[in-house]
file coords.cif (mmCIF, C-alpha atoms)
data_protein
#
loop_
_atom_site.label_atom_id
_atom_site.label_comp_id
_atom_site.auth_asym_id
_atom_site.auth_seq_id
_atom_site.Cartn_x
_atom_site.Cartn_y
_atom_site.Cartn_z
CA MET A 233 0.00 0.00 0.00
CA ARG A 234 1.19 3.48 -0.82
CA THR A 235 0.39 6.40 1.40
CA ALA A 236 1.21 10.10 1.59
CA GLY A 237 3.81 10.91 4.18
CA LEU A 238 4.91 13.77 6.39
CA THR A 239 8.40 14.74 7.51
CA MET A 240 9.55 14.03 11.01
CA ASN A 241 10.08 17.73 11.68
CA ASP A 242 6.38 18.35 11.21
CA VAL A 243 4.60 19.73 14.28
CA TRP A 244 2.16 16.80 14.26
CA ALA A 245 4.99 14.32 14.73
CA HIS A 246 5.91 15.93 18.05
CA ARG A 247 2.30 15.91 19.19
CA VAL A 248 1.96 12.23 18.35
CA LEU A 249 5.06 11.38 20.36
CA ARG A 250 3.78 13.31 23.37
CA GLU A 251 0.24 11.93 23.17
CA ARG A 252 -0.60 9.03 25.46
CA GLY A 253 -2.89 6.21 24.62
CA VAL A 254 -2.19 6.49 20.89
CA GLU A 255 -1.01 3.43 19.00
CA THR A 256 2.27 4.25 17.22
CA TYR A 257 5.10 2.28 15.63
CA ARG A 258 8.61 3.80 15.56
CA LEU A 259 11.17 2.25 13.20
CA GLU A 260 14.76 3.54 13.16
CA GLY A 261 17.66 2.92 10.78
CA MET A 262 15.67 1.18 8.11
CA ALA A 263 17.29 0.55 4.74
CA ALA A 264 15.30 2.21 1.99
CA GLU A 265 15.37 3.67 -1.47
CA ILE A 266 14.42 7.28 -1.95
CA GLY A 267 13.03 8.76 -5.12
CA VAL A 268 14.65 12.10 -5.96
CA VAL A 269 13.74 14.34 -8.89
CA VAL A 270 17.16 15.66 -9.97
CA GLU A 271 17.03 19.37 -10.62
CA SER A 272 20.72 20.09 -11.28
CA LEU A 273 23.93 18.16 -11.85
CA ASP A 274 27.38 19.79 -11.66
CA LEU A 275 30.86 18.41 -12.34
CA LYS A 276 33.22 19.49 -9.55
CA HIS A 277 36.66 18.58 -8.18
CA ARG A 278 38.17 17.71 -4.83
CA GLY A 279 41.02 19.61 -3.24
CA LYS A 280 44.73 19.48 -3.94
CA GLU A 281 45.30 16.76 -1.35
CA GLU A 282 43.02 14.46 -3.42
CA ASN A 283 44.70 15.45 -6.70
CA TYR A 284 41.59 17.40 -7.81
CA ARG A 285 39.58 14.19 -8.31
CA PRO A 286 36.31 14.92 -10.17
CA TYR A 287 32.85 14.12 -8.80
CA LEU A 288 29.21 14.96 -9.51
CA HIS A 289 27.05 17.09 -7.23
CA LEU A 290 23.32 16.58 -7.74
CA THR A 291 20.47 18.44 -6.08
CA GLY A 292 16.79 17.59 -6.14
CA GLU A 293 13.56 17.08 -4.22
CA LEU A 294 12.45 14.03 -2.25
CA ARG A 295 9.39 12.40 -3.82
CA SER A 296 9.19 8.94 -2.25
CA VAL A 297 10.64 6.61 0.40
CA THR A 298 10.47 2.87 -0.22
CA PRO A 299 11.58 0.77 2.78
CA ALA A 300 13.30 -2.57 2.20
CA GLU A 301 10.65 -4.21 4.36
CA ALA A 302 6.95 -3.39 4.48
CA LEU A 303 5.76 -1.16 7.30
CA PRO A 304 2.88 -1.96 9.64
CA PHE A 305 -0.57 -1.98 8.06
CA GLY A 306 0.98 -3.14 4.77
CA ILE A 307 2.57 0.17 3.83
CA SER A 308 5.18 -0.37 1.08
CA GLN A 309 5.92 3.19 0.00
CA VAL A 310 5.55 6.73 1.32
CA THR A 311 5.09 9.47 -1.27
CA TYR A 312 5.29 13.27 -1.23
CA SER A 313 3.56 15.79 -3.44
CA PRO A 314 5.67 18.22 -5.53
CA GLY A 315 6.94 20.98 -3.27
CA GLN A 316 6.24 18.98 -0.09
CA GLY A 317 9.40 16.86 -0.02
CA GLU A 318 12.73 17.78 1.52
CA LYS A 319 15.69 19.05 -0.50
CA VAL A 320 18.33 16.43 -1.29
CA ASP A 321 22.05 16.90 -1.93
CA ALA A 322 24.04 13.90 -3.14
CA PHE A 323 27.65 13.43 -4.27
CA TYR A 324 28.51 10.81 -6.88
CA GLU A 325 32.11 9.51 -6.78
CA PHE A 326 33.73 8.09 -9.93
CA ASP A 327 35.92 5.02 -9.55
CA ASP A 328 39.26 4.69 -11.35
CA GLN A 329 37.82 2.79 -14.29
CA GLN A 330 35.18 5.48 -14.80
CA LEU A 331 37.84 8.20 -14.72
CA VAL A 332 39.77 6.40 -17.44
CA GLU A 333 36.59 6.25 -19.50
CA LEU A 334 35.97 9.99 -18.99
CA ALA A 335 39.53 10.81 -20.06
CA GLY A 336 39.04 8.75 -23.19
CA LYS A 337 35.87 10.69 -23.97
CA GLY A 338 37.74 13.99 -23.97
CA TYR A 339 37.48 15.03 -20.35
CA PHE A 340 40.38 17.51 -20.86
CA THR A 341 38.78 19.23 -23.84
CA ASN A 342 36.77 22.44 -23.84
CA GLY A 343 33.59 20.80 -25.16
CA PHE A 344 33.32 18.27 -22.33
CA ALA A 345 30.10 18.86 -20.33
CA VAL A 346 27.59 17.11 -18.10
CA PRO A 347 24.82 15.39 -20.12
CA GLU A 348 21.44 17.07 -19.86
CA GLN A 349 19.33 13.94 -20.35
CA ILE A 350 19.96 12.74 -16.79
CA THR A 351 18.43 15.83 -15.16
CA GLY A 352 14.71 16.46 -14.66
CA ILE A 353 13.99 12.78 -14.03
CA GLU A 354 13.53 10.75 -10.84
CA TRP A 355 16.50 8.84 -9.50
CA GLU A 356 16.32 6.01 -6.97
CA LEU A 357 19.10 6.36 -4.45
CA PRO A 358 20.04 4.18 -1.45
CA ALA A 359 19.50 5.70 1.98
CA THR A 360 18.69 5.02 5.62
CA ALA A 361 15.50 6.37 7.20
CA ASP A 362 13.62 6.59 10.49
CA MET A 363 9.83 6.17 10.39
CA LEU A 364 6.95 6.82 12.76
CA VAL A 365 3.62 5.17 11.93
CA LEU A 366 0.43 6.39 13.58
CA ALA A 367 -2.22 3.70 13.61
CA PRO A 368 -5.71 4.58 12.41
CA SER A 369 -8.49 5.08 14.96
CA GLY A 370 -10.28 2.05 16.36
CA THR A 371 -13.55 2.89 14.65
CA GLN A 372 -13.76 1.66 11.11
CA THR A 373 -14.66 4.92 9.38
CA GLU A 374 -14.37 5.39 5.67
CA GLY A 375 -11.08 6.95 4.57
CA ASP A 376 -9.34 6.33 7.88
CA ALA A 377 -5.68 5.37 7.17
CA PRO A 378 -2.38 5.29 9.05
CA VAL A 379 -0.15 8.37 9.03
CA VAL A 380 3.58 7.95 8.36
CA PHE A 381 6.32 10.41 9.34
CA THR A 382 9.79 9.89 7.79
CA GLN A 383 13.31 11.26 8.31
CA VAL A 384 16.09 10.37 5.83
CA HIS A 385 19.61 10.23 7.26
CA ASP A 386 22.21 12.62 5.74
CA ILE A 387 19.71 13.96 3.25
CA GLY A 388 21.92 17.02 2.77
CA GLY A 389 25.06 15.02 1.98
CA LEU A 390 24.43 11.56 0.54
CA GLU A 391 27.56 9.75 -0.65
CA ILE A 392 26.84 7.49 -3.61
CA ASP A 393 28.80 5.70 -6.32
CA LEU A 394 28.43 3.05 -9.00
CA GLU A 395 28.31 0.17 -6.54
CA SER A 396 25.78 1.67 -4.12
CA SER A 397 23.44 3.33 -6.60
CA GLY A 398 23.80 1.05 -9.60
CA TYR A 399 24.07 4.05 -11.93
CA ASP A 400 27.07 4.15 -14.28
CA LEU A 401 26.98 7.88 -14.95
CA ALA A 402 30.24 7.83 -16.91
CA GLY A 403 28.40 6.05 -19.71
CA TYR A 404 26.01 8.98 -20.18
CA PHE A 405 28.80 11.44 -21.11
CA ALA A 406 29.21 12.13 -24.81
CA ASP A 407 32.50 11.43 -26.59
CA HIS A 408 34.33 14.72 -27.27
CA SER A 409 37.76 13.23 -27.88
CA LYS A 410 37.72 13.93 -31.64
CA ASP A 411 35.73 17.12 -31.98
CA GLY A 412 37.49 19.14 -29.27
CA VAL A 413 40.93 20.48 -28.48
CA SER A 414 42.48 20.01 -25.07
CA ARG A 415 42.63 22.98 -22.75
CA ALA A 416 46.43 22.82 -22.56
CA GLU A 417 46.76 22.83 -26.36
CA VAL A 418 44.44 25.82 -26.64
CA VAL A 419 46.61 27.84 -24.24
CA VAL A 420 49.81 26.86 -26.03
CA ASP A 421 48.35 27.67 -29.47
CA GLU A 422 47.18 31.10 -28.31
CA ARG A 423 50.62 31.94 -26.91
CA GLY A 424 52.37 30.69 -30.05
CA LEU A 425 50.05 32.62 -32.33
CA LYS A 426 50.68 35.82 -30.40
CA ALA A 427 54.45 35.29 -30.53
CA ARG A 428 54.37 34.67 -34.28
CA SER A 429 52.09 37.62 -35.03
CA ASP A 430 54.27 40.13 -33.15
CA ALA A 431 57.53 41.09 -34.85
CA ILE A 432 58.89 42.40 -31.55
CA ASN A 433 57.53 41.30 -28.19
CA SER A 434 57.57 44.40 -26.05
CA LEU A 435 58.15 44.11 -22.33
CA PHE A 436 55.58 46.83 -21.68
CA THR A 437 51.87 46.85 -22.30
CA GLU A 438 50.05 49.51 -24.29
CA ASP A 439 48.74 51.07 -21.09
CA GLU A 440 52.29 51.49 -19.78
CA LEU A 441 53.41 53.04 -23.07
CA ASP A 442 50.50 55.50 -22.96
CA LEU A 443 51.64 56.50 -19.49
CA ASP A 444 54.77 58.18 -20.91
CA ALA A 445 52.66 60.47 -23.08
CA GLU A 446 50.52 61.39 -20.11
CA VAL A 447 53.63 62.26 -18.10
CA GLU A 448 54.93 64.50 -20.90
CA GLN A 449 51.61 66.31 -21.04
CA VAL A 450 51.66 66.89 -17.30
CA VAL A 451 55.28 68.11 -17.35
CA GLY A 452 54.69 70.37 -20.36
CA ALA A 453 51.57 71.89 -18.89
CA SER A 454 51.87 75.39 -17.50
CA VAL A 455 52.41 75.65 -13.79
CA PRO A 456 49.38 77.25 -12.13
CA GLU A 457 49.90 80.56 -10.41
CA ALA A 458 50.42 80.49 -6.69
CA ALA A 459 47.41 81.16 -4.62
CA PRO A 460 47.17 84.50 -2.79
CA ALA A 461 47.33 82.68 0.52
CA ALA A 462 50.71 81.15 -0.43
CA ASP A 463 52.09 84.60 -1.41
CA GLY A 464 51.00 86.08 1.90
CA MET A 465 52.66 83.28 3.81
CA SER A 466 55.92 83.69 1.88
CA MET A 467 56.03 87.44 2.57
CA ARG A 468 55.39 86.84 6.25
CA LEU A 469 58.27 84.35 6.42
CA GLN A 470 60.63 86.84 4.78
CA GLN A 471 59.57 89.52 7.26
CA VAL A 472 60.25 87.21 10.21
CA GLU A 473 63.67 86.32 8.82
CA ALA A 474 64.53 90.02 8.47
CA GLU A 475 63.45 90.69 12.07
CA ILE A 476 65.59 87.81 13.35
CA ALA A 477 68.62 89.07 11.39
CA ALA A 478 68.16 92.63 12.80
CA GLU A 479 67.92 91.29 16.36
CA ARG A 480 71.07 89.24 15.80
CA GLU A 481 73.00 92.29 14.53
CA GLN A 482 71.77 94.38 17.46
CA TYR A 483 72.85 91.72 19.94
CA GLN A 484 76.27 91.50 18.26
CA ALA A 485 76.75 95.27 18.45
CA GLU A 486 75.82 95.29 22.16
CA ARG A 487 78.34 92.55 22.84
CA GLU A 488 81.05 94.50 21.01
CA ARG A 489 80.35 97.63 23.10
CA ALA A 490 80.32 95.76 26.43
CA GLU A 491 83.76 95.75 28.07
CA GLY A 492 85.28 92.38 28.90
CA THR A 493 83.33 90.37 26.32
CA THR A 494 85.03 88.33 23.63
CA GLU A 495 83.45 90.43 20.91
CA ASN A 496 84.71 93.67 22.54
CA LEU A 497 88.27 92.39 22.85
CA TYR A 498 88.22 91.19 19.25
CA ARG A 499 86.99 94.59 18.01
CA GLU A 500 89.44 96.62 20.11
CA ARG A 501 92.51 94.44 19.79
CA VAL A 502 92.29 92.35 16.64
CA ALA A 503 89.88 94.13 14.30
CA ALA A 504 91.46 97.52 14.95
CA ALA A 505 94.92 96.12 14.19
CA LEU A 506 93.60 94.51 11.04
CA ARG A 507 92.11 97.76 9.84
CA THR A 508 95.36 99.62 10.57
CA ALA A 509 97.39 96.99 8.74
CA GLU A 510 95.09 97.13 5.74
CA GLU A 511 95.30 100.91 5.62
CA GLN A 512 99.16 100.81 5.80
CA ASP A 513 99.39 97.79 3.47
CA GLU A 514 101.31 95.91 6.19
CA PRO A 515 100.81 92.31 7.20
CA PHE A 516 99.04 91.85 10.51
CA ALA A 517 101.37 90.75 13.27
CA PRO A 518 99.95 88.13 15.62
CA PRO A 519 99.76 88.93 19.35
CA ARG A 520 103.09 88.81 21.13
CA PRO A 521 103.76 86.14 23.74
CA ALA A 522 103.44 87.06 27.39
CA ARG A 523 107.19 86.71 28.05
CA ASP A 524 108.01 89.32 25.36
CA VAL A 525 105.46 91.73 26.81
CA GLN A 526 106.98 91.25 30.29
CA ARG A 527 110.48 91.95 28.96
CA ASP A 528 109.35 95.17 27.28
CA LEU A 529 107.61 96.21 30.52
CA ASP A 530 110.84 95.73 32.50
CA LEU A 531 112.84 97.76 29.95
CA GLU A 532 110.32 100.57 30.07
CA LEU A 533 110.50 100.72 33.88
CA GLU A 534 114.28 100.82 33.72
CA GLU A 535 114.10 103.75 31.27
CA GLN A 536 111.64 105.60 33.50
CA GLU A 537 113.90 105.43 36.58
CA PRO A 538 116.67 107.72 35.14
CA ARG A 539 114.00 110.20 33.99
CA GLN A 540 112.52 110.26 37.49
CA GLN A 541 115.98 110.77 38.99
CA ALA A 542 116.58 113.66 36.54
CA GLY A 543 113.96 115.74 38.26
CA LYS A 544 110.80 114.70 36.47
CA PRO A 545 107.82 114.26 38.74
CA ALA A 546 106.89 110.65 39.55
CA PRO A 547 103.54 109.37 38.33
CA SER A 548 100.73 109.33 40.83
CA LEU A 549 99.33 106.17 42.43
CA ASP A 550 96.23 106.18 40.28
CA GLU A 551 98.26 106.49 37.11
CA ARG A 552 100.48 103.60 38.15
CA LYS A 553 97.34 101.46 38.83
CA ARG A 554 96.05 102.23 35.36
CA GLN A 555 99.40 101.31 33.82
CA VAL A 556 99.53 98.04 35.74
CA ALA A 557 95.91 97.21 34.69
CA ARG A 558 96.73 97.86 31.03
CA ARG A 559 99.84 95.71 31.24
CA ALA A 560 97.92 92.95 32.98
CA ALA A 561 95.30 93.05 30.23
CA ASP A 562 98.04 92.78 27.64
CA LEU A 563 99.55 89.85 29.48
CA ASP A 564 96.19 88.05 29.70
CA PHE A 565 95.45 88.67 26.04
CA GLY A 566 98.90 87.44 25.06
CA ASP A 567 98.50 84.21 27.08
CA ASN A 568 95.08 83.47 25.57
CA SER A 569 96.37 84.13 22.04
CA GLU A 570 99.38 81.89 22.63
CA GLN A 571 97.15 79.07 23.86
CA SER A 572 94.80 79.45 20.92
CA LEU A 573 97.71 79.44 18.45
CA GLY A 574 99.24 76.46 20.17
CA SER A 575 96.06 74.48 20.03
#

call {"tool": "encode", "arguments": {"input": "coords.cif", "output": "structure tokens"}}
result
Amino acid sequence: MRTAGLTMNDVWAHRVLRERGVETYRLEGMAAEIGVVVESLDLKHRGKEENYRPYLHLTGELRSVTPAEALPFGISQVTYSPGQGEKVDAFYEFDDQQLVELAGKGYFTNGFAVPEQITGIEWELPATADMLVLAPSGTQTEGDAPVVFTQVHDIGGLEIDLESSGYDLAGYFADHSKDGVSRAEVVVDERGLKARSDAINSLFTEDELDLDAEVEQVVGASVPEAAPAADGMSMRLQQVEAEIAAEREQYQAERERAEGTTENLYRERVAAALRTAEEQDEPFAPPRPARDVQRDLDLELEEQEPRQQAGKPAPSLDERKRQVARRAADLDFGDNSEQSLGS
């Protein structure tokens, strides 16, 4: 007997399982054949670890479940209306002999494709299913029949092959070995044709060659005038630089006027001598060592003693202090110059 079925995920299946006093039969792990209307069939390949082995991926809709043994109440098959069955995904694996047959039929040619005549029809595939049978009511009313709920194992990933399904799908592929060219040969021919058609194989593409012309146009184009804001900023920077230079000159002049500073000594002792030498066209003599200055000081004192004894008035104490200070300054300047020359 054939009867319409419901899926196990239907809300009525849960109510039947919870209901007490209802006669039910639960059958698990039953071998069965399922009828699937194949909607699409695609040729795909495994990963690199499996050497890109080809396989078929088929998708369709569940239309029937036929258990290997009859169910209670003489039920032999459970059917589903179009649009009421579950979606099925199955994967067909080719064995080695089938792969050899596919290669002989031009598997590596461009025209090789999955045959269309094996889609849109119902396939019978092996599967395992769980079933729940709800017995009819005790009263013998017309049209009262058992209700069957089914659940197919791995309906979203069925693994099938020639041995389990009985379908030799390799035999349905057309022979393209003589009317097609292999993919590798097509690539080689295209490369060879391009090499033969070009007198000179340039290392640069046309886009790269056009880039040079674009660069020349950009370089030859007139430079746009500077914005007013940029001119204002440039003038402000020049003004700040002038102010900094004026402050530096003022600071240098103050240092030259201040007694005891390096700049003052240079102006009074070195620069003045340089100017005098330039005016007289004489080479500038470097500062004398301290020992020579001391010897000249002793000679000058010895010359002053006879003049003082001859009746000339002796210099005052303040004048002698000034003379000693000037001589001491000369001695200090001579020592520093000698050290700097020695270094």

call {"tool": "residues_around", "arguments": {"input": "coords.cif", "residues": "A:Gly389", "least_positions_apart": "4", "cutoff": "7 Å", "atoms": "only C-alpha atoms", "output": "list in words"}}
result
Asp321, Ala322 and Phe323 of chain A

call {"tool": "residues_around", "arguments": {"input": "coords.cif", "residues": "A:Ser397", "least_positions_apart": "4", "cutoff": "8 Å", "atoms": "all atoms listed in the file", "output": "ChimeraX atom specification"}}
result
/A:356-358,392-393

call {"tool": "atom_distance", "arguments": {"input": "coords.cif", "atom1": "atom CA of A:Thr235", "atom2": "atom CA of A:Ser308"}}
result
8.3 Å

call {"tool": "resolve_selection", "arguments": {"input": "coords.cif", "expression": "the PyMOL selection byres ((chain A and resi 378) around 6)", "output": "list in words"}}
result
Leu366, Ala367, Pro368, Ala377 and Val379 of chain A

call {"tool": "atom_distance", "arguments": {"input": "coords.cif", "atom1": "atom CA of A:Asn283", "atom2": "atom CA of A:Phe405"}}
result
21.8 Å

call {"tool": "atom_distance", "arguments": {"input": "coords.cif", "atom1": "atom CA of A:Thr360", "atom2": "atom CA of A:Met262"}}
result
5.5 Å

call {"tool": "resolve_selection", "arguments": {"input": "coords.cif", "expression": "the PyMOL selection byres ((chain A and resi 337) around 8)", "output": "list in words"}}
result
Glu333, Leu334, Ala335, Gly336, Gly338, Tyr339, Phe405, Ala406, Asp407, His408 and Ser409 of chain A
